[in-house]
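Peer 1: This structure is in structure tokens; I'll ask about it shortly.
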Amino acid sequence: MSLGAYLNSIGTSAKTIVAGMALTFRYLIRPSEIVTIQYGSKNNAPKERYVPDRHRGIHILETEKCIHCHICEKACPVDCITMDGTRDAPFDGAWKGDGCFISSFTLDLNKCIFCNLCCEPCPKECIHMGMEFDAAAYTRAHGVKNLLTDAPYSEADRVREAEARQLIEAAEAEAKRRKDEARKAAAAAKAQATPAAAPAAPGAPAAPKPPGLPPPPGAVVPKPIASPTPGMPKPPGAAMPPPPAPPATAGPAMPPPPKPMPPMPKPPTN
Amino acid sequence: MNAPHIPKAFAASDVRSEEMLLNMGPQHPSTHGVFRVVIRTDGEIVIDSESHVGYLHRCFEKHCESVSFLQSVLYTDRLDYLTSMGNNLAFSLGVERLFTDLVIPERAEHIRVICAELNRIASHLLAIGTYGMDIGAITPFLYCFRDREKILSIFESICGQRLNYNYVRPGGVAYDIDDSMIAAIKDFCKYFRPKAQEYDDLLSNNDIFVRRTANVGVLSKELALSYGVTGPCLRGSGVKRDLRRDLPYSIYSRFDFEIPVGTGERGTLGDCYDRYMVRVREMIESLRIVEQAVSQIPDGPFKTDQIKGKLRPPKGESFIRVENSRGELGFYIISDGKDVAYRVKCRAPSFHNISLLTDISRGAMIADMVAIIGSLDIVMGEVDR
Amino acid sequence: MMTPYTLVDWVLGDGAGWIARFIGAVLVWAVPITGFVSFVGLLSIWLERKISAHIQCRLGPMEVGYHGALQTVADGVKLLAKEDLVPADADRFLFAFAPILAFAGTVVGFAVVPFGPGLIVADLDIGIFYLAAVGSLEAIGVIAAGWASNNKWSLFGSVRAATQVVSYEIPMGLAFVTIAALAGTLSMSGIVDQQQGWIANWFLFRNPFTWIAFIIYYIAALAECKRAPFDLPEAESELVSGFHTEYSGMRFAIFFLAEYAQMYVVSAVAVVLFLGGWYSGIAPLDAAVGTGVAGKLVGAGIIVTKSFLLVCVQMWLRWTLPRIRLDQMLYLCMKILMPFGMLTLVGSTMWEYYFPTPEIAKVGGGWTGNTVMTGVVVAIIGTLSLIVYVRSVIRSTPSLRAASNP
Amino acid sequence: MTPDKVHEILKAKHAQAVSAFDPNPKHPSIKIAPEFWRVVAKTLRDDCGLDYLVSLTAVDRAAELEAIYTLEVMDGARCPIHVRVLVPRDNPLIATVEDIWRTADWHEREAWDLMGITFVGHHNLVRILCAEDWEGHPLRKDYKSPDTYHGIKNNVT
């Protein structure tokens with residue numbers, strides 16, 4: 001190796017190392033480049049923020065629409081769906097379907113590969129992939145979900161959370177606007193430097209509040225929705241017991257009694 | 001014949017006292033999966049090595065004989081789980097080839113190309129990132145994952161999953177893409193081009209990286225040909241072979257792109273650096289294809305209406321290969337007219353690429369061994385099937 | 001110079017005998033040094049996490065304490081609670097002893113590292129020599145750990161550590177000798193004292209060759225700490241984790257702590273040798289704080305800050321660069337650093353002979369003609385490297401690169 | 001190298017070896033008698049220039065086992081040709097071609113492992129994907145998966 005090549009190789013090394021270090025240094029001093037999403041932190045946003053509409057999470061079953069046709073069961077490549085029911089008279093603990101009674105509808109999440117093949121052939125479009133992605137369980141038995149009772153996340157939840165998100169966003173925007181206004185008012189007050197402007201400044205945040213805007217950030221909790229949206233499935237709730245057997249007089253066409261909504265969307269932390 | 005096999009070169013009695021048998025894998029940070037190499041070393045020098053695969057064998061081919069064609073598609077996701085779109089595409093093309101007159105809508109073809117190329121970028125990003133990690137640079141790995149994340153987010157909005165897409169199906173694709181997704185893809189193209197320079201600064205031009213990879217693991221053209229190596233590994237040896245141009249499937253013949261080949265720019269032709277650089281350059285070419293496809297995507301149906309009800313290809317055999325990010329992925333599909341395949345054989349590129357490890361790792365150091373395995377860029381899901 | 005210099009002297013007075021001084025040193029220093037090592041560990045692990053995270057567009061630890069500041073404490077508690085695993089057929093005694101050896105080998109380095117004017121455990125006359133002697137003690141712990149683990153990968157790690165020691169020690173020694181030749185003393189505080197006054201009196205700026213000496217020392221120090229790009233003994237992608245593959249729980253934590261303490265030691269030594277020690281580089285400021293308690297505290301703050309800045313540079317390097325190979329490591333140390341180290345030694349002493357530093361500069365008198373000349377040379381080198389850098393930037397644009405690199 | 005040309009060459013050199021030819025442009029295939037396979041393979045590589053063994057597919061055809069070698073020219077026109085070699089199920093012996101195409105090494109091991117075709121002359125014909133002590137050849141149609149393997153129960157029926 002000639003002396004020139006020797007020195008040149010040292011120069012190349014130094015140069016390229018400096019180039020790399022310049023790049024990493026640029027990132028080091030630019031916190032705006034940080035891409036981390038702090039899932040599960042205290043100021044957590046609803047799950048809607050993390051997953052798109054087509055997300056294939058844990059299934060949701062709209063029991064009222066289900067006709068107990070076993071097509072999803074057959075479509076499943078890993079046999080994780082098992083269902084049972086009857087078209088005859090209602091029996092104790094049965095869930096009301098469309099012209100049938102479902103006694104069980106379980107989903108083995110230990111096997112499920114979230115391929116969406118069960119949802120596609122459904123003639124009534126009553127089984128969907130939901131938004132829930134926390135499928136962790138302590139035992140294998142816990143991984144088996146009863147879609148009739150254990151639905152972790154239903155369509156109604158989804159609507160509620162979408163609304164909650166809107167409320168939060170609106171509240172954030174409102175808070176920001178108020179902050180700006182307060183700052184402006186403060187600046188104005190300072191500029192005038194007279195006590196006459198003083199009442200305007202504290203009044204500023206409250207006065208221009210337009211009607212219909214959500215409550216301030218302290219009260220972002222969305223109000224319970226009075227009634228389920230039509231077509232929305234039964235409200236969920238892991239702790240909710242199966243509905244009592246319909247009274248004998250009720251015909252097969254009678255919808256299940258509306259349940260009161262849980263007052264709040266579930267906190268999306270685990 | 002079923003007795004445990006110990007090749008003669010690796011019998012303990014044959015190992016000289018200054019040599020050492022070293023078991024690299026199945027659990028090792030740099031074997032890219034459960035891959036095991038038994039290395040006979042003299043100090044740090046690799047004298048001989050023997051590869052053991054099969055730790056991830058899960059009978060993909062047997063599965064396909066018991067589930068329908070549509071259900072088989074999602075098992076292909078799990079072959080090369082970093083290029084699932086390409087696997088779906090290959091299998092779908094193979095099934096479609098069994099039909100005599102199946103017309104795939106234009107929109108579906110464009111979506112397929114976009115997805116396959118985006119997935120190639122994602123896969124190469126991961127290959128480059130993990131390669132940097134093998135060499136010891138951790139930061140490029142995270143930059144690559146940052147950019148790959150954007151592609152995965154696009155895929156998630158298109159088909160709902162980040163890794164196992166089950167999106168390209170025989171007859172078209174599973175769901176249509178809408179304007180917001182097209183906008184996201186366009187945004188990504190704009191975003192990604194300048195980022196490629198960062199990888200050059202951090203890795204490609206870095207002298208330590210060059211010295212670690214140039215002249216290491218030289219894969220000569222002859223050896224590559226005789227082992228049936230394909231993809232970036234073959235192109236790194238200077239062979240300009242790419243099925244997208246040579247045997248165009250789908251609508252690849254309409255797009256304008258280059259095929260980068262290794263030139264031995266920093267060392268010998270066919271060394272690790274060449275294979276690495278082929279991947280870096282291919283990402284840009286894939287980006288060009290994506291840009292062209294996105295700009296000319298037509299309206300129309302996203303899947304053919306010729307397939308109704310159950311997917312029952314006619315009796316026959318078909319063999320299809322597509323240029324996946326690791327090489328030519330082939331499917332030999334034999335149908336006997338039922339909705340379940342009679343036999344499916346998967347010709348996996350990584351299976352070929354890793355089979356020559358013994359030949360190119362002789363005389364390397366252990367640190368080079370890591371660099372060689374990384375530059376071959378294997379995915380064990382595909383090797384073991 | 002003959003004023004009570006160390007804290008022990010300050011406490012015991014000047015007339016104490018050596019036994020009293022020894023016991024006094026142990027009593028006075030044991031607790032603060034242990035505390036300081038822990039503090040260094042906590043702070044630098046947190047720094048490492050945050051720097052790596054921000055370089056990599058991440059946030060890093062955010063949950064425990066302010067921006068994860070107490071994450072290391074939580075991890076320490078976790079490591080304490082972990083099962084103490086000893087592999088089958090391991091050399092149990094050596095396996096348990098190796099972390100202690102490595103830790104002790106690092107901590108003895110603190111004996112001659114000053115924390116401020118007079119704040120030094122033992123102001124040995126042979127301070128640098130002592131450092132060079134004990135600096136590699138940690139490697140013995142590492143080698144013992146790899147050997148005792150009964151694991152081939154660990155053995156590779158320890159053998160690599162041994163190889164590394166013989167390669168980086170020589171350039172490092174040459175850098176030491178360069179400074180010792182300039183300073184005329186091996187004593188740490190003696191060396192620092194020659195750098196008082198303006199920033200130009202730092203040995204880094206004393207003549208152009210000391211720049212090279214500084215770079216050589218810093219590279220060798222990286223190797224001594226087993227930091228990337230020289231983390232060969234623990235190369236996690238090659239040797240799994242090298243010598244500490246089999247270690248878990250508190251023993252692993254001790255290795256970890258030793259590594260970070262070592263990083264601080266080498267950085268502090270770099271500060272002492274090249275970067276003015278506890279002097280701020282602004283003569284009036286140093287004069288203003290004096291040499292009393294306030295002066296000691298300010299000096300301690302300055303030297304610790306400077307050292308941590310160098311530690312940060314080590315981290316910055318680590319998160320940028322790939323790892324080099326063993327033979328390249330030997331090549332670098334033996335064929336690049338060593339010749340340049342010799343060149344530096346000869347050049348620096350010749351420079352000192354032909355452009356002697358005036359006595360006035362040696363006691364912090366201010367700017368001198370020598371300094372100006374050094375400045376000119378440095379400016380020329382800086383401009384040249386800037387030109388080279390700009391050229392490389394132009395080269396690295398794809399279109400131009402393609403044109404120039406057929 | 002078109003399939004027709006390959007067929008011509010083979011017909012000229014090994015007339016009795018070629019037992020069937022299907023020039024279907026989508027899926028050209030040539031059937032070779034197993035006893036001639038090795039010499040035919042040499043001709044295919046040397047005379048026809050088919051230097052790239054794309055894939056080796058083993059198929060269970062009820063009475064027979066079939067090995068389908070998909071061949072191609074690596075550095076030229078792309079047109080894979082499928083060469084079929086059928087061997088009786090009770091004595092499936094095919095000459096190895098691992099020294100002709102080195103790809104065949106692992107592929108023949110795979111075909112032996114999963115389908116049970118013995119490649120005579122292979123230097124290292126051991127299981128590659130299944131465990132070394134696995135019994136049976138899983139891809140055969142009459143394969144029954146074992147109930148237990150090293151004490152691990154197979155609860156998938």
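In the structure tokens, the first chain shown is A, the next is B, and so on; residue numbers restart at 1 for each chain, and ligands run from 1 in the order shown.
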Residues of chain B were defined as contacting chain D if any atom lay at most 8 Å from it, counting only C-alpha atoms; please report them as a compact mmCIF listing (two decimals) with all heavy atoms, in the first residue's frame.
Peer 2:
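The result, stored in out23.txt:
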```txt
# COMPACT_ATOMS: atom_id res chain seq x y z
N MET B 1 -31.73 -45.55 8.21
CA MET B 1 -31.63 -44.26 7.50
C MET B 1 -32.11 -43.11 8.37
O MET B 1 -31.85 -41.95 8.12
CB MET B 1 -32.45 -44.33 6.22
CG MET B 1 -32.03 -43.26 5.21
SD MET B 1 -32.80 -43.51 3.64
CE MET B 1 -31.71 -44.68 2.86
N ASN B 2 -32.84 -43.46 9.44
CA ASN B 2 -33.37 -42.40 10.27
C ASN B 2 -32.47 -42.05 11.44
O ASN B 2 -32.84 -41.27 12.30
CB ASN B 2 -34.75 -42.78 10.81
CG ASN B 2 -35.78 -42.71 9.70
OD1 ASN B 2 -35.54 -42.07 8.69
ND2 ASN B 2 -36.89 -43.38 9.88
N ALA B 3 -31.32 -42.68 11.47
CA ALA B 3 -30.43 -42.39 12.59
C ALA B 3 -29.97 -40.95 12.51
O ALA B 3 -29.84 -40.40 11.43
CB ALA B 3 -29.23 -43.33 12.54
N PRO B 4 -29.72 -40.34 13.65
CA PRO B 4 -29.23 -38.95 13.63
C PRO B 4 -27.98 -38.84 12.79
O PRO B 4 -27.07 -39.66 12.89
CB PRO B 4 -28.95 -38.65 15.10
CG PRO B 4 -29.78 -39.61 15.85
CD PRO B 4 -29.93 -40.83 14.99
N HIS B 5 -27.96 -37.82 12.00
CA HIS B 5 -26.91 -37.74 10.99
C HIS B 5 -25.77 -36.87 11.49
O HIS B 5 -25.97 -35.74 11.91
CB HIS B 5 -27.50 -37.13 9.72
CG HIS B 5 -26.47 -36.61 8.80
ND1 HIS B 5 -25.63 -37.44 8.10
CD2 HIS B 5 -26.13 -35.35 8.46
CE1 HIS B 5 -24.84 -36.70 7.37
NE2 HIS B 5 -25.10 -35.43 7.57
N HIS B 52 -28.24 -26.33 9.05
CA HIS B 52 -29.37 -27.17 9.41
C HIS B 52 -30.61 -26.30 9.37
O HIS B 52 -30.68 -25.28 10.04
CB HIS B 52 -29.21 -27.74 10.81
CG HIS B 52 -28.08 -28.71 10.93
ND1 HIS B 52 -28.26 -30.07 10.88
CD2 HIS B 52 -26.76 -28.52 11.06
CE1 HIS B 52 -27.10 -30.67 10.98
NE2 HIS B 52 -26.16 -29.75 11.09
N VAL B 53 -31.58 -26.73 8.58
CA VAL B 53 -32.83 -25.97 8.52
C VAL B 53 -33.95 -26.89 8.97
O VAL B 53 -33.73 -28.06 9.30
CB VAL B 53 -33.09 -25.43 7.11
CG1 VAL B 53 -31.99 -24.51 6.68
CG2 VAL B 53 -33.28 -26.55 6.12
N GLY B 54 -35.15 -26.35 8.99
CA GLY B 54 -36.31 -27.18 9.29
C GLY B 54 -36.92 -26.91 10.65
O GLY B 54 -37.92 -27.51 11.00
N TYR B 55 -36.32 -26.00 11.42
CA TYR B 55 -36.88 -25.74 12.75
C TYR B 55 -38.25 -25.07 12.67
O TYR B 55 -38.98 -25.03 13.63
CB TYR B 55 -35.93 -24.87 13.55
CG TYR B 55 -34.66 -25.57 13.92
CD1 TYR B 55 -33.55 -25.52 13.10
CD2 TYR B 55 -34.59 -26.31 15.08
CE1 TYR B 55 -32.39 -26.18 13.43
CE2 TYR B 55 -33.44 -26.98 15.42
CZ TYR B 55 -32.34 -26.91 14.59
OH TYR B 55 -31.20 -27.59 14.92
N HIS B 57 -40.48 -25.76 10.21
CA HIS B 57 -41.30 -26.48 9.23
C HIS B 57 -42.71 -26.66 9.77
O HIS B 57 -42.90 -27.11 10.89
CB HIS B 57 -40.67 -27.84 8.95
CG HIS B 57 -41.44 -28.65 7.96
ND1 HIS B 57 -41.77 -28.15 6.73
CD2 HIS B 57 -41.95 -29.90 8.01
CE1 HIS B 57 -42.45 -29.07 6.06
NE2 HIS B 57 -42.58 -30.13 6.82
N GLU B 61 -47.20 -27.10 2.45
CA GLU B 61 -47.67 -27.80 1.26
C GLU B 61 -48.77 -28.80 1.61
O GLU B 61 -49.72 -28.98 0.86
CB GLU B 61 -46.48 -28.48 0.57
CG GLU B 61 -45.51 -27.44 0.02
CD GLU B 61 -44.20 -28.01 -0.47
OE1 GLU B 61 -44.09 -29.24 -0.54
OE2 GLU B 61 -43.29 -27.22 -0.78
N LYS B 62 -48.64 -29.41 2.78
CA LYS B 62 -49.68 -30.35 3.21
C LYS B 62 -50.96 -29.59 3.57
O LYS B 62 -52.06 -30.06 3.30
CB LYS B 62 -49.16 -31.13 4.42
CG LYS B 62 -50.01 -32.31 4.81
CD LYS B 62 -49.77 -33.49 3.90
CE LYS B 62 -50.60 -34.69 4.35
NZ LYS B 62 -50.57 -35.76 3.34
N LEU B 225 -25.19 -19.37 -10.23
CA LEU B 225 -26.02 -20.03 -11.24
C LEU B 225 -26.23 -21.49 -10.87
O LEU B 225 -27.35 -22.00 -10.95
CB LEU B 225 -25.35 -19.94 -12.62
CG LEU B 225 -25.26 -18.55 -13.24
CD1 LEU B 225 -24.67 -18.65 -14.63
CD2 LEU B 225 -26.62 -17.90 -13.31
N SER B 226 -25.18 -22.15 -10.43
CA SER B 226 -25.34 -23.57 -10.20
C SER B 226 -26.20 -23.86 -8.98
O SER B 226 -26.81 -24.90 -8.88
CB SER B 226 -23.98 -24.24 -10.08
OG SER B 226 -23.62 -24.34 -8.74
N TYR B 227 -26.27 -22.92 -8.07
CA TYR B 227 -27.14 -23.12 -6.91
C TYR B 227 -28.54 -22.56 -7.15
O TYR B 227 -29.37 -22.59 -6.25
CB TYR B 227 -26.55 -22.48 -5.66
CG TYR B 227 -25.70 -23.42 -4.86
CD1 TYR B 227 -24.33 -23.31 -4.84
CD2 TYR B 227 -26.28 -24.45 -4.15
CE1 TYR B 227 -23.54 -24.18 -4.12
CE2 TYR B 227 -25.50 -25.32 -3.41
CZ TYR B 227 -24.14 -25.19 -3.40
OH TYR B 227 -23.39 -26.05 -2.69
N GLY B 228 -28.79 -22.01 -8.32
CA GLY B 228 -30.12 -21.48 -8.59
C GLY B 228 -30.45 -20.30 -7.72
O GLY B 228 -31.61 -20.08 -7.37
N VAL B 239 -25.44 -10.69 -12.55
CA VAL B 239 -26.34 -11.26 -13.56
C VAL B 239 -27.61 -10.41 -13.60
O VAL B 239 -28.27 -10.22 -12.59
CB VAL B 239 -26.70 -12.72 -13.21
CG1 VAL B 239 -27.59 -13.29 -14.30
CG2 VAL B 239 -25.45 -13.54 -13.05
N ARG B 241 -30.82 -10.43 -14.13
CA ARG B 241 -31.98 -11.28 -14.31
C ARG B 241 -33.06 -10.83 -13.33
O ARG B 241 -32.88 -10.80 -12.13
CB ARG B 241 -31.61 -12.73 -14.03
CG ARG B 241 -32.79 -13.67 -14.15
CD ARG B 241 -32.39 -15.05 -13.63
NE ARG B 241 -33.59 -15.85 -13.48
CZ ARG B 241 -34.05 -16.68 -14.40
NH1 ARG B 241 -33.44 -16.81 -15.53
NH2 ARG B 241 -35.15 -17.36 -14.18
N ASP B 246 -37.94 -9.99 -17.48
CA ASP B 246 -37.65 -11.09 -18.39
C ASP B 246 -38.87 -11.95 -18.69
O ASP B 246 -38.98 -12.50 -19.77
CB ASP B 246 -36.57 -11.99 -17.77
CG ASP B 246 -35.29 -11.22 -17.59
OD1 ASP B 246 -35.11 -10.25 -18.32
OD2 ASP B 246 -34.50 -11.58 -16.72
N LEU B 247 -39.73 -12.11 -17.71
CA LEU B 247 -40.90 -12.96 -17.91
C LEU B 247 -42.07 -12.22 -17.27
O LEU B 247 -42.57 -12.63 -16.24
CB LEU B 247 -40.67 -14.32 -17.23
CG LEU B 247 -41.58 -15.47 -17.58
CD1 LEU B 247 -41.40 -15.84 -19.03
CD2 LEU B 247 -41.27 -16.66 -16.70
N GLU B 317 -52.40 -28.34 -14.34
CA GLU B 317 -51.20 -28.01 -13.58
C GLU B 317 -50.72 -26.65 -14.00
O GLU B 317 -50.89 -26.25 -15.16
CB GLU B 317 -50.10 -29.04 -13.85
CG GLU B 317 -50.49 -30.45 -13.49
CD GLU B 317 -49.34 -31.42 -13.60
OE1 GLU B 317 -48.22 -30.97 -13.90
OE2 GLU B 317 -49.58 -32.61 -13.40
N SER B 318 -50.16 -25.93 -13.08
CA SER B 318 -49.60 -24.64 -13.47
C SER B 318 -48.36 -24.38 -12.64
O SER B 318 -48.25 -24.83 -11.50
CB SER B 318 -50.61 -23.52 -13.27
OG SER B 318 -50.63 -23.11 -11.93
N PHE B 319 -47.44 -23.68 -13.27
CA PHE B 319 -46.24 -23.28 -12.55
C PHE B 319 -46.05 -21.80 -12.78
O PHE B 319 -46.11 -21.32 -13.90
CB PHE B 319 -45.02 -24.06 -13.06
CG PHE B 319 -43.77 -23.70 -12.32
CD1 PHE B 319 -43.58 -24.13 -11.02
CD2 PHE B 319 -42.78 -22.93 -12.89
CE1 PHE B 319 -42.44 -23.79 -10.33
CE2 PHE B 319 -41.63 -22.59 -12.21
CZ PHE B 319 -41.46 -23.04 -10.92
N TYR B 332 -45.92 -24.47 -7.81
CA TYR B 332 -46.37 -25.50 -8.73
C TYR B 332 -47.69 -26.00 -8.18
O TYR B 332 -47.73 -26.62 -7.12
CB TYR B 332 -45.35 -26.62 -8.79
CG TYR B 332 -45.48 -27.52 -10.00
CD1 TYR B 332 -44.56 -27.47 -11.02
CD2 TYR B 332 -46.55 -28.40 -10.13
CE1 TYR B 332 -44.69 -28.27 -12.13
CE2 TYR B 332 -46.70 -29.19 -11.23
CZ TYR B 332 -45.75 -29.13 -12.23
OH TYR B 332 -45.89 -29.92 -13.33
N ARG B 343 -51.95 -30.79 -5.09
CA ARG B 343 -50.57 -30.67 -4.63
C ARG B 343 -50.12 -29.24 -4.89
O ARG B 343 -50.38 -28.68 -5.96
CB ARG B 343 -49.67 -31.64 -5.42
CG ARG B 343 -48.19 -31.45 -5.19
CD ARG B 343 -47.71 -32.29 -4.02
NE ARG B 343 -46.24 -32.32 -3.96
CZ ARG B 343 -45.49 -31.47 -3.24
NH1 ARG B 343 -46.07 -30.53 -2.52
NH2 ARG B 343 -44.18 -31.58 -3.22
N LYS B 345 -46.56 -27.03 -4.60
CA LYS B 345 -45.15 -27.02 -4.24
C LYS B 345 -44.69 -25.57 -4.26
O LYS B 345 -45.01 -24.82 -5.18
CB LYS B 345 -44.36 -27.84 -5.26
CG LYS B 345 -42.89 -27.50 -5.35
CD LYS B 345 -42.06 -28.19 -4.31
CE LYS B 345 -40.63 -27.64 -4.39
NZ LYS B 345 -39.74 -28.26 -3.44
N ARG B 347 -41.60 -23.11 -4.46
CA ARG B 347 -40.18 -22.98 -4.75
C ARG B 347 -39.72 -21.69 -4.07
O ARG B 347 -40.00 -20.59 -4.54
CB ARG B 347 -39.97 -22.89 -6.26
CG ARG B 347 -38.54 -22.76 -6.70
CD ARG B 347 -38.25 -21.38 -7.22
NE ARG B 347 -36.90 -21.30 -7.78
CZ ARG B 347 -35.92 -20.62 -7.19
NH1 ARG B 347 -36.13 -19.98 -6.08
NH2 ARG B 347 -34.72 -20.59 -7.75
N HIS B 352 -32.98 -21.71 -1.74
CA HIS B 352 -31.83 -21.82 -2.62
C HIS B 352 -30.69 -20.95 -2.11
O HIS B 352 -29.54 -21.35 -2.13
CB HIS B 352 -32.20 -21.34 -4.03
CG HIS B 352 -33.14 -22.26 -4.73
ND1 HIS B 352 -32.83 -22.86 -5.91
CD2 HIS B 352 -34.38 -22.66 -4.41
CE1 HIS B 352 -33.85 -23.61 -6.29
NE2 HIS B 352 -34.80 -23.50 -5.40
N SER B 355 -28.67 -22.34 0.74
CA SER B 355 -28.03 -23.64 0.59
C SER B 355 -26.55 -23.50 0.22
O SER B 355 -25.81 -24.45 0.35
CB SER B 355 -28.76 -24.46 -0.47
OG SER B 355 -28.69 -23.82 -1.72
N ASP B 384 -38.17 -23.04 5.53
CA ASP B 384 -38.70 -24.25 6.14
C ASP B 384 -40.13 -24.54 5.73
O ASP B 384 -40.57 -25.68 5.80
CB ASP B 384 -38.64 -24.12 7.67
CG ASP B 384 -37.22 -24.02 8.14
OD1 ASP B 384 -36.34 -24.41 7.37
OD2 ASP B 384 -37.00 -23.54 9.25
```
Peer 1: Counting only C-alpha atoms, give me one row per residue of chain A with an atom at most 12 Å from an atom of chain D, showing the shortest contact pair and its distance in Å to one decimal, sorted by chain then residue number, as a Markdown table.
Peer 2:
```
| residue | atom | partner | partner_atom | distance |
| --- | --- | --- | --- | --- |
| A:Val78 | CA | D:Val156 | CA | 10.8 |
| A:Asp79 | CA | D:Val156 | CA | 10.8 |
| A:Lys111 | CA | D:Val156 | CA | 12.0 |
```
Peer 1: Please provide as a list of chain:residue names all residues within 9 Å of Pro322 of chain C, with the sequence filter that same-chain residues fewer than 3 positions apart are discarded (counting only C-alpha atoms).
Peer 2: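 The neighbour list is B:Gly132, B:Met133, B:Asp134, B:Ile135, B:Gly136, B:Ala137, B:Ile138, B:Leu203, B:Asn206, B:Ile208, B:Phe209, B:Arg212, C:Ala228, C:Pro229, C:Arg318, C:Trp319.
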Peer 1: Given a cut-off of 12 Å, which residues of chain A touch chain C, counting only C-alpha atoms, written out as an MDAnalysis selection string?
Peer 2: chainID A and resid 1 3 6:42
Peer 1: Expressed in Å to a single decimal, how great is the separation between atom CA of Gln194 of chain C and atom CA of Tyr264 of chain C?
Peer 2: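 It comes out at 22.4 Å.
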Peer 1: Give me every helix (DSSP H, G or I) residue in segment 3-155 of chain D, going by DSSP on the backbone, as a VMD selection string.
Peer 2: chain D and resid 3 to 13 34 to 46 104 to 115
Peer 1: For Val85 of chain D, find every residue with an atom within 12 Å (counting only C-alpha atoms), except residues of its own chain fewer than 5 positions away, and show them as an NGL selection string.
Peer 2: :D and (17-20 or 29-38 or 40-41 or 56-61 or 64-70 or 92-96 or 117 or 119)
Peer 1: Could you list, as a VMD selection string, every residue within 8 Å of Tyr175 of chain B, counting only C-alpha atoms and ignoring same-chain residues fewer than 4 positions away?
Peer 2: chain B and resid 158 to 159 167 302
Peer 1: Residues as selected, C-alpha atoms, written as a PDB file, in the first residue's frame, can you do that?
Peer 2:
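out-v4.pdb written:
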```
ATOM      1  CA  ILE B 158     -55.855  -0.942   2.791  1.00  0.00           C
ATOM      2  CA  CYS B 159     -56.433  -4.407   4.168  1.00  0.00           C
ATOM      3  CA  TYR B 167     -55.118  -9.204   0.358  1.00  0.00           C
ATOM      4  CA  PHE B 302     -61.270  -4.511  -8.105  1.00  0.00           C
TER       5      PHE B 302
END
```
Peer 1: Near chain C, meaning an atom within 9 Å, which residues of chain B appear when counting only C-alpha atoms? Write them as a PyMOL selection string.
Peer 2: chain B and resi 20-23+28-30+43-44+132-143+146+197+200-203+205-206+208-209+211-212+265+365-370
Peer 1: Have a look at C:Asn201, C:Ser149, C:Gln262, C:Ser267 and name the one nearest to Thr106 of chain C; count only C-alpha atoms.
Peer 2: C:Gln262
Peer 1: Distance atom CA of Glu138 of chain C-atom CA of Ala102 of chain C, one decimal place?
Peer 2: 4.2 Å
